[in-house]
Amino acid sequence: MIVRKNMAELEKMRSAGLLVWKVLDTLRKMVAEGVTTYELEVAADKMIADAGARPAFKGYSTPSAGTKFPFVLCTSVNDEIVHGMPSQNRVLKSGDIVSIDTGVQLNGYYGDSAVTVGVGEISEETRRLLEVTRESLELAIEKARPGNRLFDICGTVERHVTANGFSIVREFVGHGIGTQMHEEPQVPNYVDRKSENPRLKEGMVLAIEPMVNAGSPGSRVRPDRWTAVTEDGKYSAHFEHTVAVTANGPWVLTRP
Ligand code: MG
Ligand code: MG
């Protein structure tokens with residue numbers, strides 16, 4: 001069942017969303033050569049605690065992982081697609097890209113967003129990977145309107161990414177969000193004919209999150225049971241926003 005939110009609930013989600021934005025905006029600016037992903041983690045942890053919120057990822061577990069995720073952030077560098085773990089040993093260097101993904105729970109509601117940032121000088125192909133992934137998210141957000149269908153969002157991401165010569169990760173998808181971090185529906189970044197294609201209605205809130213590989217679409221999960229990486233070792237980018245479907249069009253809750 002897809003849970004729709006009324007305006008009072010959306011306002012609460014907005015508070016959570018703006019906190020997530022503030023955290024990511026701060027971290028984005030911290031990214032530089034020589035910075036470790038653990039320094040990002042420490043900064044995010046403090047900001048979320050200071051705001052009186054609960055970090056949504058810390059302690060989260062899935063049946064396939066079998067362990068609790070130990071961090072506030074997922075930091076996924078280069079060939080890591082999603083769910084990478086911050087580490088004091090992961091020193092960012094010029095040419096890297098780092099996806100920073102975080103979620104918070106505030107006043108009972110969740111916000112979830114991610115951004116991928118280049119470190120120092122990145123290659124032209126990498127710059128294009130980031131640009132196309134970000135564009136695919138923006139184009140998909142525009143489809144989050146009453147009367148459209150879920151596949152309008154999924155297909156928009158898929159078309160933009162494949163038309164630009166990159167590939168869509170299929171094993172991980174976006175999701176509904178509200179009082180739970182992961183609610184129905186799933187939001188794949190491609191049209192999955194086997195899944196439902198509900199009409200979008202006012203009050204639905206979706207975390208739209210294209211995960212895009214520079215090379216082939218294949219992924220695998222490292223022995224840590226969390227970190228998803230590309231099979232071919234090429235880079236992967238990830239952008240995400242929490243978006244409400246409203247009568248006035250898409251309302252991106254995770255940016256000002
Ligand atoms: Mg996320
Ligand atoms: Mg998400």
# chains A, B, ... in the order shown; residues from 1 in each chain; ligands from 1
$ residues_around --residues "stretch 130-138 of chain A" --least-positions-apart "3" --cutoff "10 Å" --atoms "only C-alpha atoms" --output "PyMOL selection string"
chain A and resi 97+115-118+125-127+141-143+153-166+168+189+208-214+235-241
$ residues_around --residues "A:Trp226" --least-positions-apart "2" --cutoff "9 Å" --atoms "only C-alpha atoms" --output "PyMOL selection string"
chain A and resi 64-65+67+69+82-85+221-224+228
$ residues_near_ligand --ligand "ligand 1" --cutoff "6 Å" --atoms "only C-alpha atoms and all ligand atoms" --output "PyMOL selection string"
chain A and resi 101-102+112-114
$ atom_distance --atom1 "atom CA of A:Leu24" --atom2 "atom CA of A:Tyr110"
15.1 Å
$ select_by_dssp --residues "stretch 16-252 of chain A" --states "strand (DSSP E)" --output "PyMOL selection string"
chain A and resi 54-55+73-77+80-82+97-106+109-118+167-168+174-176+183-187+205-208+211-213+219-221+228-230+236-238+241-246+249-252
$ residues_around --residues "A:Ala32" --least-positions-apart "6" --cutoff "9 Å" --atoms "only C-alpha atoms" --output "ChimeraX atom specification"
/A:92-94,118-120
$ closest_residue --among "A:Val20, A:Val245, A:Ala8, A:Leu129" --to "ligand 2" --atoms "only C-alpha atoms and all ligand atoms"
A:Val20
$ select_by_dssp --residues "stretch 36-202 of chain A" --states "helix (DSSP H, G or I)" --output "ChimeraX atom specification"
/A:37-50,124-141,150-163
$ closest_residue --among "A:Pro146, A:Pro86, A:Gly103, A:Gly17" --to "ligand 2" --atoms "only C-alpha atoms and all ligand atoms"
A:Gly103
$ atom_distance --atom1 "atom CA of A:Lys68" --atom2 "atom CA of A:Ser216"
29.6 Å
$ residues_around --residues "A:Gly233" --least-positions-apart "5" --cutoff "12 Å" --atoms "only C-alpha atoms" --output "list in words"
Val77, Asn78, Asp79, Glu80, Ile81, Asn213, Ala214, Gly215, Ser216, Pro217, Gly218, Ser219, Arg220 and Ala228 of chain A
$ write_last_selection --atoms "N, CA, C and O atoms" --output "PDB file, in the first residue's frame"
ATOM      1  N   VAL A  77      32.957   5.446  -2.969  1.00  0.00           N
ATOM      2  CA  VAL A  77      34.017   6.085  -3.755  1.00  0.00           C
ATOM      3  C   VAL A  77      34.248   5.320  -5.065  1.00  0.00           C
ATOM      4  O   VAL A  77      34.340   4.083  -5.060  1.00  0.00           O
ATOM      5  N   ASN A  78      34.316   6.050  -6.157  1.00  0.00           N
ATOM      6  CA  ASN A  78      34.710   5.519  -7.471  1.00  0.00           C
ATOM      7  C   ASN A  78      33.826   4.360  -7.932  1.00  0.00           C
ATOM      8  O   ASN A  78      32.692   4.577  -8.331  1.00  0.00           O
ATOM      9  N   ASP A  79      34.364   3.114  -7.886  1.00  0.00           N
ATOM     10  CA  ASP A  79      33.582   1.971  -8.379  1.00  0.00           C
ATOM     11  C   ASP A  79      32.551   1.497  -7.370  1.00  0.00           C
ATOM     12  O   ASP A  79      31.786   0.574  -7.660  1.00  0.00           O
ATOM     13  N   GLU A  80      32.529   2.095  -6.185  1.00  0.00           N
ATOM     14  CA  GLU A  80      31.489   1.753  -5.213  1.00  0.00           C
ATOM     15  C   GLU A  80      30.199   2.458  -5.623  1.00  0.00           C
ATOM     16  O   GLU A  80      30.186   3.667  -5.872  1.00  0.00           O
ATOM     17  N   ILE A  81      29.129   1.680  -5.726  1.00  0.00           N
ATOM     18  CA  ILE A  81      27.862   2.227  -6.236  1.00  0.00           C
ATOM     19  C   ILE A  81      27.075   2.884  -5.107  1.00  0.00           C
ATOM     20  O   ILE A  81      26.738   4.064  -5.176  1.00  0.00           O
ATOM     21  N   ASN A 213      26.181   3.632 -13.852  1.00  0.00           N
ATOM     22  CA  ASN A 213      27.542   3.143 -14.071  1.00  0.00           C
ATOM     23  C   ASN A 213      28.122   3.692 -15.370  1.00  0.00           C
ATOM     24  O   ASN A 213      27.425   3.769 -16.383  1.00  0.00           O
ATOM     25  N   ALA A 214      29.412   4.018 -15.322  1.00  0.00           N
ATOM     26  CA  ALA A 214      30.090   4.493 -16.528  1.00  0.00           C
ATOM     27  C   ALA A 214      30.239   3.365 -17.540  1.00  0.00           C
ATOM     28  O   ALA A 214      30.172   3.587 -18.744  1.00  0.00           O
ATOM     29  N   GLY A 215      30.430   2.150 -17.056  1.00  0.00           N
ATOM     30  CA  GLY A 215      30.617   0.996 -17.935  1.00  0.00           C
ATOM     31  C   GLY A 215      29.390   0.113 -17.968  1.00  0.00           C
ATOM     32  O   GLY A 215      28.284   0.584 -18.214  1.00  0.00           O
ATOM     33  N   SER A 216      29.588  -1.172 -17.696  1.00  0.00           N
ATOM     34  CA  SER A 216      28.474  -2.122 -17.777  1.00  0.00           C
ATOM     35  C   SER A 216      27.592  -2.006 -16.523  1.00  0.00           C
ATOM     36  O   SER A 216      28.034  -1.507 -15.489  1.00  0.00           O
ATOM     37  N   PRO A 217      26.348  -2.475 -16.630  1.00  0.00           N
ATOM     38  CA  PRO A 217      25.413  -2.274 -15.509  1.00  0.00           C
ATOM     39  C   PRO A 217      25.638  -3.197 -14.305  1.00  0.00           C
ATOM     40  O   PRO A 217      25.078  -2.949 -13.237  1.00  0.00           O
ATOM     41  N   GLY A 218      26.452  -4.215 -14.463  1.00  0.00           N
ATOM     42  CA  GLY A 218      26.557  -5.245 -13.420  1.00  0.00           C
ATOM     43  C   GLY A 218      27.122  -4.727 -12.108  1.00  0.00           C
ATOM     44  O   GLY A 218      27.976  -3.845 -12.078  1.00  0.00           O
ATOM     45  N   SER A 219      26.643  -5.315 -11.023  1.00  0.00           N
ATOM     46  CA  SER A 219      27.156  -4.969  -9.705  1.00  0.00           C
ATOM     47  C   SER A 219      27.354  -6.231  -8.879  1.00  0.00           C
ATOM     48  O   SER A 219      26.821  -7.291  -9.197  1.00  0.00           O
ATOM     49  N   ARG A 220      28.162  -6.105  -7.830  1.00  0.00           N
ATOM     50  CA  ARG A 220      28.274  -7.177  -6.844  1.00  0.00           C
ATOM     51  C   ARG A 220      28.449  -6.513  -5.489  1.00  0.00           C
ATOM     52  O   ARG A 220      28.756  -5.329  -5.401  1.00  0.00           O
ATOM     53  N   ALA A 228      28.209  -2.061  -2.358  1.00  0.00           N
ATOM     54  CA  ALA A 228      27.941  -2.504  -3.731  1.00  0.00           C
ATOM     55  C   ALA A 228      28.936  -1.838  -4.666  1.00  0.00           C
ATOM     56  O   ALA A 228      29.158  -0.625  -4.581  1.00  0.00           O
TER      57      ALA A 228
END
$ closest_residue --among "A:Val243, A:Ile100, A:Met7, A:Val187" --to "A:Lys29" --atoms "only C-alpha atoms"
A:Ile100
$ closest_residue --among "A:Lys12, A:Lys194, A:Arg145, A:His175" --to "ligand 2" --atoms "only C-alpha atoms and all ligand atoms"
A:His175
$ closest_residue --among "A:Leu206, A:Leu27, A:Val98, A:Met13" --to "ligand 2" --atoms "only C-alpha atoms and all ligand atoms"
A:Leu206
